[in-house]
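Some notes on the structure that comes next.
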Amino acid sequence: MRDPRMALVGLAAWAGALAGTLLTVGWAALVLAAALVGGAALARRRPGTRALVAALLSVLVAVGVVAVLRAAVVRDGPVADLAAERAVVDLEGTVVSDPRPVQGAFEEQVVVRLDVDRVVGRGRAWRLSAPVVVLGGADWAAVPLGARVSTSGRLAPSDSRGGDEVAALLVGADAVATLEGPDVWWRGAAGVRASLRAAVEHRPAAQRVLVPALVVGDDAGLDPGVAEDFRTTGLTHLTAVSGTNLTLVVGFVLLLARWVGVRGRWLVVVGALGIVGFVLLARTEPSVVRAAAMGAVGLLGLGRNGRQRGFRALGVAVTALLLVSPGLATTVGFALSVLATAGILVLAPPWRDALRRWLPRWAAEAVAVPAAAQLACTPLVAAVSGQVSLVAVVANLLVAPVVGPATVLGLVAGLVGLVWPGLATVIGTLAAWCVAWIVLVARRGADLPTAAVAWGTGPLALVVLVLVCAALALLAPRVLRSRALGPVAVGVVVLVALVRLPTPGWPPPGWVLVACDVGQGDALVLRTGPGAAVVVDAGPDAAAVDRCLTDLGVEQVPLVVLTHFHADHADHVDGLAGVLEGRRVDRVEVTSVPDPPGGVQHVHEVAAEHGVAVSTVAHGATSRVGEATLQVLWPPVPAPPVPSGASAANDASVVLLVEVRGVRMLLTGDLEPTGQAVLAAALPGLRADVLKLPHHGSAHQDEAFLESLAARLVLVSVGQDNTYGHPSPQVVSDLERTGARVLRTDLSGDLAVVVDPDGALGTLTHEPLGPASTAEPGGAGDR
């Protein structure tokens with residue numbers, strides 16, 4: 001990088017956006033004033049820097065002022081004031097995002113983003129422009145992007161930040177009326193997207209979702225297990241709108257333009273039109289605009305003298321984006337885009353030139369580009385996810401040959417499908433075949449023993465990682481240039497990914513039960529002997545439960561118990577494949593209430609695929625499995641009637657009383673208060689040392705029943721930052737007042753109940769994918 005001035009301008013813009021977005025108006029003004037004073041003093045002492053200092057200060061103040069004004073509209077405008085009062089209002093505005101179904105605490109809702117231009121509430125009306133997120137009913141699912149609508153509901157304050165910052169939430173907006181339909185370009189973009197989805201509708205689920213994701217970032221319906229595999233292998237950027245998407249799509253358009261004879265400045269016009277068309281297809285959300293800008297920088301980098309021009313363009317793009325949307329400065333996606341682009345522009349050329357001493361140019365480029373981007377992003381990825389991927393570079397290298405064809409073929413299928421659906425299906429099939437390879441690489445890469453390792457998110461750990469990455473960036477050209485050391489270095493990286501690193505202290509000696517950290521779901525492991533365990537529920541994610549069992553060294557599973565077929569989330573059964581794959585499993589037992597049918601079908605299909613029999617638990621039955629004794633306490637036969645409004649699936653949960661090495665543990669699935677009360681009446685003397693808190697700690701509990709168990713240790717299987725408010729602070733507080741110790745997977749990772757040779761209980765925690773386990777003092781009581 002010969003000329004760092006535009007990079008400094010971009011950093012100044014970023015600093016101004018952060019100050020204006022994160023600080024109050026007073027503090028932001030103070031910071032900007034201090035910058036002006038400091039800059040003036042520097043310019044006086046070094047006259048040669050006056051022009052640069054003036055440019056930096058101008059950009060800093062300009063972006064800072066825009067950010068302050070934008071924040072004022074969101075934080076202090078009429079909509080925010082009405083939200084603080086939780087006022088009922090009538091709104092009019094334009095739909096600026098696709099409707100997205102989400103599961104609420106009690107029913108499915110649809111999330112839509114509106115650019116509100118008129119609001120009526122508290123006897124007044126305002127004309128304005130404010131972003132509002134609507135949580136509405138099913139009618140919103142049919143509202144097209146770009147339509148102008150009217151609705152009503154209750155405003156609530158929003159706690160969102162950064163590029164996704166909104167003035168308020170609108171809840172209870174079940175009814176919506178369309179005032180004006182979308183403009184022609186929105187209708188055209190919607191037609192292409194629909195045509196693309198139709199062209200791959202006949203393909204397997206992962207392929208028919210990922211082809212639109214590659215082309216325009218439309219990943220609606222992506223299986224959580226596939227998404228986790230992509231995260232582990234560093235391929236997530238393929239499922240979201242990124243600069244890579246735009247570079248491939250617009251690059252293809254430019255190639256077509258050259259083929260038909262377009263030259264000179266007209267190519268610039270074609271490229272600009274291609275960028276506009278891409279944004280319309282992928283939606284004009286902040287993340288899409290950011291991706292378009294980064295993609296344009298990438299296109300510049302592909303041209304003559306592209307590295308220098310690309311880095312200048314990166315500084316311009318950062319400044320322009322932050323002037324338009326200052327909130328991007330606080331988003332992880334924006335930072336990752338900038339870091340990846342900078343890494344490619346700065347690190348990739350010397351790495352490529354070093355590799356060319358013993359590799360062909362195309363191979364050197366293919367290795368250097370993803371490696372540079374990955375290294376530049378590694379510290380930030382670790383800060384966000386708490387892990388470092390060891391297979392990302394190899395995975396990106398393996399999929400690189402098919403990403404371009406899949407993206408271009410998908411785009412062509414969407415366009416052709418508007419006039420010839422049959423041909424579009426053929427082209428869509430070719431794109432899907434390319435995507436099948438990407439899915440295979442992600443799945444196999446995620447299954448590697450050390451696909452990713454945990455890394456601390458504290459300041460010291462991140463500083464160390466930054467220093468390690470900086471050292472690698474400096475040393476890599478020297479190492480890769482050597483015909484001897486280069487292949488050895490690559491081989492070491494591959495070997496580390498293939499050989500599992502030791503995990504000191506895990507599994508802990510004397511463990512009897514582990515509550516796996518599988519997100520918002522349950523997956524419990526009961527030790528039955530060396531390398532063997534009973535698994536109760538499988539969580540929502542096959543990869544997560546497989547990771548937990550692998551870390552525990554479980555190779556044999558004589559019994560899997562699925563407590564119930566959850567009606568909406570399948571947060572107890574969707575991970576079943578992760579238990580069955582690669583292990584000897586004898587049988588699967590399920591609740592006697594086959595509800596809902598979709599969950600039942602899923603379990604039977606997965607079990608049949610792995611050749612495992614499925615049977616129904618018998619109420620009152622007691623069985624011995626290795627070191628564990630299990631007794632089925634619930635559901636009774638026939639199942640009790642469920643009052644209107646209660647969850648039949650949850651109240652059909654299998655409840656097990658388990659004893660391992662003298663420790664009594666009550667595993668309750670998602671049993672609701674109705675079932676808890678009946679169980680308490682039937683077994684008034686029921687006691688347990690360890691309780692798995694029902695339904696992830698939901699507020700709906702029979703507190704008398706829970707307290708009557710006199711459990712000394714309570715485990716809560718719950719997902720981090722879940723939208724249901726689990727676990728309920730009140731429930732946790734009430735249990736702690738009884739003397740119970742409450743541990744949560746969202747805060748501590750895997751939770752292990754251990755018993756020492758003297759019979760004393762204790763607990764250990766284990767961060768998923770991490771090398772460290774943290775011992776916690778005993779406190780669950782002695783037996």
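Please note that chains go A, B, ... in the order of the structure tokens, that every chain numbers its residues from 1, and that ligands are numbered from 1 in the order shown.
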Practice item. Might you pull out every residue within 8 Å of Gly315 (chain A), with only C-alpha atoms counted and same-chain residues fewer than 4 positions away left off, and present them as a count of residues only? Key: 8
For region 636-719 of chain A against region 518-539 of chain A, with a cut-off of 9 Å and counting only C-alpha atoms, what is the closest atom pair and its distance in Å to one decimal for every residue that makes the cut, ordered by chain and number, as a Markdown table?
```
| residue | atom | partner | partner_atom | distance |
| --- | --- | --- | --- | --- |
| A:Val658 | CA | A:Leu526 | CA | 8.7 |
| A:Val660 | CA | A:Arg527 | CA | 7.6 |
| A:Leu667 | CA | A:Val536 | CA | 8.4 |
| A:Gly669 | CA | A:Asp522 | CA | 7.7 |
| A:His695 | CA | A:Gly521 | CA | 8.8 |
| A:His696 | CA | A:Gly521 | CA | 7.5 |
| A:Val716 | CA | A:Asp522 | CA | 8.9 |
| A:Ser717 | CA | A:Asp522 | CA | 5.6 |
| A:Val718 | CA | A:Gln520 | CA | 4.8 |
| A:Gly719 | CA | A:Gln520 | CA | 3.8 |
```
For the residues selected in the previous step, produce a file with N, CA and C atoms as a PDB file, in the first residue's frame.
```
ATOM      1  N   VAL A 658     -34.001 -41.067  37.088  1.00  0.00           N
ATOM      2  CA  VAL A 658     -32.792 -41.815  36.760  1.00  0.00           C
ATOM      3  C   VAL A 658     -31.879 -41.861  37.977  1.00  0.00           C
ATOM      4  N   VAL A 660     -27.855 -42.900  38.825  1.00  0.00           N
ATOM      5  CA  VAL A 660     -26.532 -43.326  38.390  1.00  0.00           C
ATOM      6  C   VAL A 660     -25.570 -43.091  39.542  1.00  0.00           C
ATOM      7  N   LEU A 667     -35.611 -35.956  35.044  1.00  0.00           N
ATOM      8  CA  LEU A 667     -35.520 -35.342  33.717  1.00  0.00           C
ATOM      9  C   LEU A 667     -36.947 -35.131  33.220  1.00  0.00           C
ATOM     10  N   GLY A 669     -38.296 -33.095  30.468  1.00  0.00           N
ATOM     11  CA  GLY A 669     -38.705 -32.633  29.149  1.00  0.00           C
ATOM     12  C   GLY A 669     -39.258 -31.225  29.204  1.00  0.00           C
ATOM     13  N   HIS A 695     -39.116 -27.284  30.394  1.00  0.00           N
ATOM     14  CA  HIS A 695     -39.368 -26.287  29.352  1.00  0.00           C
ATOM     15  C   HIS A 695     -38.385 -25.123  29.404  1.00  0.00           C
ATOM     16  N   HIS A 696     -37.111 -25.444  29.578  1.00  0.00           N
ATOM     17  CA  HIS A 696     -36.028 -24.445  29.483  1.00  0.00           C
ATOM     18  C   HIS A 696     -36.193 -23.298  30.491  1.00  0.00           C
ATOM     19  N   VAL A 716     -30.477 -26.010  33.566  1.00  0.00           N
ATOM     20  CA  VAL A 716     -31.360 -25.347  32.611  1.00  0.00           C
ATOM     21  C   VAL A 716     -30.721 -25.435  31.233  1.00  0.00           C
ATOM     22  N   SER A 717     -31.375 -26.166  30.314  1.00  0.00           N
ATOM     23  CA  SER A 717     -30.914 -26.236  28.928  1.00  0.00           C
ATOM     24  C   SER A 717     -31.599 -25.120  28.156  1.00  0.00           C
ATOM     25  N   VAL A 718     -30.831 -24.117  27.753  1.00  0.00           N
ATOM     26  CA  VAL A 718     -31.439 -22.921  27.178  1.00  0.00           C
ATOM     27  C   VAL A 718     -30.471 -22.272  26.205  1.00  0.00           C
ATOM     28  N   GLY A 719     -31.004 -21.647  25.153  1.00  0.00           N
ATOM     29  CA  GLY A 719     -30.180 -20.995  24.144  1.00  0.00           C
ATOM     30  C   GLY A 719     -29.824 -19.570  24.526  1.00  0.00           C
TER      31      GLY A 719
END
```
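Here CA of Val226 (chain A) is placed at a distance of 8.8 Å from CA of Ala543 (chain A).
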Give the strand (DSSP E or B) residues of region 70-272 of chain A, as DSSP finds them on the backbone, and put them as a PDB file with N, CA and C atoms, in the first residue's frame.
```pdb
ATOM      1  N   VAL A  88     -50.865   3.358  21.432  1.00  0.00           N
ATOM      2  CA  VAL A  88     -51.535   2.711  20.303  1.00  0.00           C
ATOM      3  C   VAL A  88     -51.607   3.735  19.172  1.00  0.00           C
ATOM      4  N   VAL A  89     -51.136   3.350  17.972  1.00  0.00           N
ATOM      5  CA  VAL A  89     -51.008   4.310  16.877  1.00  0.00           C
ATOM      6  C   VAL A  89     -51.513   3.701  15.570  1.00  0.00           C
ATOM      7  N   ASP A  90     -51.778   4.586  14.601  1.00  0.00           N
ATOM      8  CA  ASP A  90     -52.012   4.203  13.214  1.00  0.00           C
ATOM      9  C   ASP A  90     -50.798   4.639  12.407  1.00  0.00           C
ATOM     10  N   LEU A  91     -50.297   3.745  11.553  1.00  0.00           N
ATOM     11  CA  LEU A  91     -49.085   4.037  10.786  1.00  0.00           C
ATOM     12  C   LEU A  91     -49.345   3.866   9.296  1.00  0.00           C
ATOM     13  N   GLU A  92     -48.611   4.648   8.505  1.00  0.00           N
ATOM     14  CA  GLU A  92     -48.527   4.446   7.074  1.00  0.00           C
ATOM     15  C   GLU A  92     -47.051   4.450   6.687  1.00  0.00           C
ATOM     16  N   GLY A  93     -46.685   3.561   5.800  1.00  0.00           N
ATOM     17  CA  GLY A  93     -45.286   3.500   5.401  1.00  0.00           C
ATOM     18  C   GLY A  93     -45.065   2.503   4.290  1.00  0.00           C
ATOM     19  N   THR A  94     -43.805   2.382   3.884  1.00  0.00           N
ATOM     20  CA  THR A  94     -43.413   1.503   2.783  1.00  0.00           C
ATOM     21  C   THR A  94     -42.677   0.297   3.329  1.00  0.00           C
ATOM     22  N   VAL A  95     -43.036  -0.877   2.829  1.00  0.00           N
ATOM     23  CA  VAL A  95     -42.373  -2.110   3.235  1.00  0.00           C
ATOM     24  C   VAL A  95     -40.982  -2.150   2.601  1.00  0.00           C
ATOM     25  N   ARG A 100     -40.751 -11.995   7.147  1.00  0.00           N
ATOM     26  CA  ARG A 100     -39.996 -13.147   7.652  1.00  0.00           C
ATOM     27  C   ARG A 100     -40.740 -13.784   8.824  1.00  0.00           C
ATOM     28  N   PRO A 101     -41.222 -15.019   8.659  1.00  0.00           N
ATOM     29  CA  PRO A 101     -41.931 -15.687   9.770  1.00  0.00           C
ATOM     30  C   PRO A 101     -40.962 -16.016  10.903  1.00  0.00           C
ATOM     31  N   VAL A 102     -41.384 -15.779  12.129  1.00  0.00           N
ATOM     32  CA  VAL A 102     -40.617 -16.150  13.315  1.00  0.00           C
ATOM     33  C   VAL A 102     -41.565 -16.766  14.317  1.00  0.00           C
ATOM     34  N   GLN A 103     -41.019 -17.610  15.174  1.00  0.00           N
ATOM     35  CA  GLN A 103     -41.853 -18.234  16.194  1.00  0.00           C
ATOM     36  C   GLN A 103     -41.816 -17.366  17.440  1.00  0.00           C
ATOM     37  N   GLU A 108     -46.878 -18.102  15.904  1.00  0.00           N
ATOM     38  CA  GLU A 108     -45.991 -17.629  14.847  1.00  0.00           C
ATOM     39  C   GLU A 108     -46.355 -16.212  14.463  1.00  0.00           C
ATOM     40  N   GLN A 109     -45.334 -15.385  14.278  1.00  0.00           N
ATOM     41  CA  GLN A 109     -45.536 -14.004  13.868  1.00  0.00           C
ATOM     42  C   GLN A 109     -44.721 -13.740  12.607  1.00  0.00           C
ATOM     43  N   VAL A 110     -44.985 -12.598  11.988  1.00  0.00           N
ATOM     44  CA  VAL A 110     -44.266 -12.192  10.788  1.00  0.00           C
ATOM     45  C   VAL A 110     -43.565 -10.871  11.084  1.00  0.00           C
ATOM     46  N   VAL A 111     -42.278 -10.823  10.777  1.00  0.00           N
ATOM     47  CA  VAL A 111     -41.485  -9.613  11.014  1.00  0.00           C
ATOM     48  C   VAL A 111     -41.295  -8.887   9.688  1.00  0.00           C
ATOM     49  N   VAL A 112     -41.629  -7.605   9.684  1.00  0.00           N
ATOM     50  CA  VAL A 112     -41.493  -6.768   8.489  1.00  0.00           C
ATOM     51  C   VAL A 112     -40.903  -5.431   8.930  1.00  0.00           C
ATOM     52  N   ARG A 113     -40.059  -4.875   8.084  1.00  0.00           N
ATOM     53  CA  ARG A 113     -39.493  -3.554   8.364  1.00  0.00           C
ATOM     54  C   ARG A 113     -40.216  -2.518   7.514  1.00  0.00           C
ATOM     55  N   LEU A 114     -40.650  -1.433   8.157  1.00  0.00           N
ATOM     56  CA  LEU A 114     -41.357  -0.349   7.476  1.00  0.00           C
ATOM     57  C   LEU A 114     -40.558   0.934   7.555  1.00  0.00           C
ATOM     58  N   ASP A 115     -40.596   1.696   6.461  1.00  0.00           N
ATOM     59  CA  ASP A 115     -40.129   3.085   6.494  1.00  0.00           C
ATOM     60  C   ASP A 115     -41.383   3.935   6.662  1.00  0.00           C
ATOM     61  N   VAL A 116     -41.661   4.338   7.887  1.00  0.00           N
ATOM     62  CA  VAL A 116     -42.909   5.017   8.224  1.00  0.00           C
ATOM     63  C   VAL A 116     -42.841   6.477   7.802  1.00  0.00           C
ATOM     64  N   ASP A 117     -43.882   6.944   7.095  1.00  0.00           N
ATOM     65  CA  ASP A 117     -43.925   8.353   6.696  1.00  0.00           C
ATOM     66  C   ASP A 117     -45.078   9.107   7.346  1.00  0.00           C
ATOM     67  N   ARG A 118     -45.989   8.398   8.013  1.00  0.00           N
ATOM     68  CA  ARG A 118     -47.095   9.065   8.712  1.00  0.00           C
ATOM     69  C   ARG A 118     -47.486   8.243   9.937  1.00  0.00           C
ATOM     70  N   VAL A 119     -47.630   8.921  11.060  1.00  0.00           N
ATOM     71  CA  VAL A 119     -48.035   8.260  12.293  1.00  0.00           C
ATOM     72  C   VAL A 119     -49.086   9.114  12.994  1.00  0.00           C
ATOM     73  N   VAL A 120     -50.106   8.453  13.498  1.00  0.00           N
ATOM     74  CA  VAL A 120     -51.176   9.123  14.233  1.00  0.00           C
ATOM     75  C   VAL A 120     -51.306   8.450  15.596  1.00  0.00           C
ATOM     76  N   GLY A 121     -51.217   9.259  16.642  1.00  0.00           N
ATOM     77  CA  GLY A 121     -51.326   8.718  17.992  1.00  0.00           C
ATOM     78  C   GLY A 121     -51.428   9.818  19.013  1.00  0.00           C
ATOM     79  N   ARG A 124     -52.609  13.260  17.818  1.00  0.00           N
ATOM     80  CA  ARG A 124     -51.800  14.079  16.909  1.00  0.00           C
ATOM     81  C   ARG A 124     -51.358  13.246  15.706  1.00  0.00           C
ATOM     82  N   ALA A 125     -50.963  13.935  14.637  1.00  0.00           N
ATOM     83  CA  ALA A 125     -50.462  13.281  13.434  1.00  0.00           C
ATOM     84  C   ALA A 125     -49.133  13.911  13.043  1.00  0.00           C
ATOM     85  N   TRP A 126     -48.203  13.073  12.563  1.00  0.00           N
ATOM     86  CA  TRP A 126     -46.880  13.566  12.163  1.00  0.00           C
ATOM     87  C   TRP A 126     -46.542  13.030  10.773  1.00  0.00           C
ATOM     88  N   ARG A 127     -45.880  13.850   9.966  1.00  0.00           N
ATOM     89  CA  ARG A 127     -45.258  13.425   8.722  1.00  0.00           C
ATOM     90  C   ARG A 127     -43.760  13.341   8.969  1.00  0.00           C
ATOM     91  N   LEU A 128     -43.163  12.213   8.705  1.00  0.00           N
ATOM     92  CA  LEU A 128     -41.751  12.011   9.062  1.00  0.00           C
ATOM     93  C   LEU A 128     -41.177  10.859   8.264  1.00  0.00           C
ATOM     94  N   SER A 129     -39.996  10.465   8.612  1.00  0.00           N
ATOM     95  CA  SER A 129     -39.368   9.274   8.037  1.00  0.00           C
ATOM     96  C   SER A 129     -38.652   8.556   9.173  1.00  0.00           C
ATOM     97  N   ALA A 130     -39.164   7.395   9.530  1.00  0.00           N
ATOM     98  CA  ALA A 130     -38.600   6.662  10.657  1.00  0.00           C
ATOM     99  C   ALA A 130     -38.704   5.164  10.399  1.00  0.00           C
ATOM    100  N   PRO A 131     -37.648   4.423  10.683  1.00  0.00           N
ATOM    101  CA  PRO A 131     -37.694   2.964  10.506  1.00  0.00           C
ATOM    102  C   PRO A 131     -38.388   2.284  11.683  1.00  0.00           C
ATOM    103  N   VAL A 132     -39.317   1.409  11.391  1.00  0.00           N
ATOM    104  CA  VAL A 132     -40.066   0.687  12.420  1.00  0.00           C
ATOM    105  C   VAL A 132     -40.111  -0.788  12.028  1.00  0.00           C
ATOM    106  N   VAL A 133     -39.937  -1.656  13.000  1.00  0.00           N
ATOM    107  CA  VAL A 133     -40.075  -3.097  12.779  1.00  0.00           C
ATOM    108  C   VAL A 133     -41.437  -3.538  13.291  1.00  0.00           C
ATOM    109  N   VAL A 134     -42.182  -4.229  12.432  1.00  0.00           N
ATOM    110  CA  VAL A 134     -43.534  -4.673  12.755  1.00  0.00           C
ATOM    111  C   VAL A 134     -43.507  -6.157  13.121  1.00  0.00           C
ATOM    112  N   LEU A 135     -44.136  -6.498  14.244  1.00  0.00           N
ATOM    113  CA  LEU A 135     -44.390  -7.885  14.607  1.00  0.00           C
ATOM    114  C   LEU A 135     -45.876  -8.111  14.407  1.00  0.00           C
ATOM    115  N   GLY A 136     -46.229  -8.678  13.258  1.00  0.00           N
ATOM    116  CA  GLY A 136     -47.627  -8.764  12.889  1.00  0.00           C
ATOM    117  C   GLY A 136     -48.124 -10.184  12.728  1.00  0.00           C
ATOM    118  N   ARG A 148     -46.861   0.257  -0.250  1.00  0.00           N
ATOM    119  CA  ARG A 148     -47.176   1.241   0.782  1.00  0.00           C
ATOM    120  C   ARG A 148     -48.426   0.750   1.504  1.00  0.00           C
ATOM    121  N   VAL A 149     -48.344   0.656   2.834  1.00  0.00           N
ATOM    122  CA  VAL A 149     -49.398   0.016   3.609  1.00  0.00           C
ATOM    123  C   VAL A 149     -49.798   0.899   4.783  1.00  0.00           C
ATOM    124  N   SER A 150     -50.928   0.553   5.373  1.00  0.00           N
ATOM    125  CA  SER A 150     -51.370   1.181   6.623  1.00  0.00           C
ATOM    126  C   SER A 150     -51.703   0.072   7.611  1.00  0.00           C
ATOM    127  N   THR A 151     -51.442   0.325   8.873  1.00  0.00           N
ATOM    128  CA  THR A 151     -51.705  -0.651   9.916  1.00  0.00           C
ATOM    129  C   THR A 151     -51.824   0.065  11.242  1.00  0.00           C
ATOM    130  N   SER A 152     -52.149  -0.661  12.272  1.00  0.00           N
ATOM    131  CA  SER A 152     -52.249  -0.086  13.609  1.00  0.00           C
ATOM    132  C   SER A 152     -51.773  -1.109  14.620  1.00  0.00           C
ATOM    133  N   GLY A 153     -51.348  -0.630  15.758  1.00  0.00           N
ATOM    134  CA  GLY A 153     -50.867  -1.507  16.819  1.00  0.00           C
ATOM    135  C   GLY A 153     -50.283  -0.681  17.938  1.00  0.00           C
ATOM    136  N   ARG A 154     -49.580  -1.346  18.827  1.00  0.00           N
ATOM    137  CA  ARG A 154     -48.980  -0.657  19.966  1.00  0.00           C
ATOM    138  C   ARG A 154     -47.472  -0.553  19.762  1.00  0.00           C
ATOM    139  N   LEU A 155     -46.946   0.667  19.899  1.00  0.00           N
ATOM    140  CA  LEU A 155     -45.507   0.880  19.775  1.00  0.00           C
ATOM    141  C   LEU A 155     -44.802   0.456  21.055  1.00  0.00           C
ATOM    142  N   ALA A 156     -43.606  -0.061  20.888  1.00  0.00           N
ATOM    143  CA  ALA A 156     -42.769  -0.442  22.017  1.00  0.00           C
ATOM    144  C   ALA A 156     -41.340  -0.026  21.719  1.00  0.00           C
ATOM    145  N   ALA A 168     -38.680   2.087  16.676  1.00  0.00           N
ATOM    146  CA  ALA A 168     -39.603   1.416  17.585  1.00  0.00           C
ATOM    147  C   ALA A 168     -40.013   0.078  17.001  1.00  0.00           C
ATOM    148  N   LEU A 169     -40.646  -0.724  17.843  1.00  0.00           N
ATOM    149  CA  LEU A 169     -41.319  -1.938  17.414  1.00  0.00           C
ATOM    150  C   LEU A 169     -42.820  -1.680  17.419  1.00  0.00           C
ATOM    151  N   LEU A 170     -43.520  -2.271  16.477  1.00  0.00           N
ATOM    152  CA  LEU A 170     -44.983  -2.204  16.450  1.00  0.00           C
ATOM    153  C   LEU A 170     -45.500  -3.616  16.670  1.00  0.00           C
ATOM    154  N   VAL A 171     -46.193  -3.833  17.776  1.00  0.00           N
ATOM    155  CA  VAL A 171     -46.690  -5.157  18.117  1.00  0.00           C
ATOM    156  C   VAL A 171     -48.206  -5.180  18.013  1.00  0.00           C
ATOM    157  N   GLY A 172     -48.732  -6.377  17.836  1.00  0.00           N
ATOM    158  CA  GLY A 172     -50.182  -6.511  17.734  1.00  0.00           C
ATOM    159  C   GLY A 172     -50.757  -6.002  16.435  1.00  0.00           C
ATOM    160  N   ALA A 173     -49.923  -5.874  15.396  1.00  0.00           N
ATOM    161  CA  ALA A 173     -50.393  -5.351  14.108  1.00  0.00           C
ATOM    162  C   ALA A 173     -50.896  -6.515  13.252  1.00  0.00           C
ATOM    163  N   VAL A 176     -53.509  -5.462   8.082  1.00  0.00           N
ATOM    164  CA  VAL A 176     -52.726  -4.570   7.240  1.00  0.00           C
ATOM    165  C   VAL A 176     -53.506  -4.319   5.956  1.00  0.00           C
ATOM    166  N   ALA A 177     -53.483  -3.073   5.487  1.00  0.00           N
ATOM    167  CA  ALA A 177     -54.167  -2.693   4.247  1.00  0.00           C
ATOM    168  C   ALA A 177     -53.131  -2.128   3.281  1.00  0.00           C
ATOM    169  N   THR A 178     -53.181  -2.562   2.032  1.00  0.00           N
ATOM    170  CA  THR A 178     -52.253  -2.074   1.018  1.00  0.00           C
ATOM    171  C   THR A 178     -52.812  -0.807   0.382  1.00  0.00           C
ATOM    172  N   LEU A 179     -52.076   0.300   0.489  1.00  0.00           N
ATOM    173  CA  LEU A 179     -52.492   1.570  -0.091  1.00  0.00           C
ATOM    174  C   LEU A 179     -52.018   1.698  -1.541  1.00  0.00           C
ATOM    175  N   GLU A 180     -50.786   1.272  -1.807  1.00  0.00           N
ATOM    176  CA  GLU A 180     -50.233   1.314  -3.152  1.00  0.00           C
ATOM    177  C   GLU A 180     -49.365   0.081  -3.359  1.00  0.00           C
TER     178      GLU A 180
END
```
Exercise for review: Tell me which of A:Ala320, A:Leu671, A:Val269, A:Leu355 sits closest to Val655 (chain A), counting only C-alpha atoms.
Suggested key: A:Leu671
Practice item. Might you pull out every residue within 8 Å of Ser653 (chain A), with only C-alpha atoms counted and same-chain residues fewer than 4 positions away left off, and present them as a list in words? Key: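 That gives Thr563, His564, Thr591, Trp634, Pro635, Ala649, Thr668, Gly669, Asp670 and Leu671 of chain A.
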**Study point:** region 106-221 of chain A: residues DSSP assigns to alpha helix (DSSP H), reported as a ChimeraX atom specification
**Key:** /A:184-199,205-216
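Taking CA of Ala29 (chain A) and CA of Val79 (chain A) as endpoints, the distance between them is 24.1 Å.
Summary of the local environment: counting only C-alpha atoms, residues at most 12 Å from Glu165 (chain A), other than itself and those fewer than 5 positions away along its chain, are A:Thr21, A:Leu22, A:Ala67, A:Arg70, A:Ala71, A:Ala72, A:Val73, A:Val74, A:Arg75, A:Ala80, A:Arg113, A:Ala130, A:Pro131, A:Val132, A:Val133, A:Pro157, A:Ser158, A:Asp159, A:Ser160, A:Glu285, A:Pro286, A:Ser325, A:Pro326, A:Gly327, A:Leu328, A:Ala329, A:Thr330, A:Thr331.
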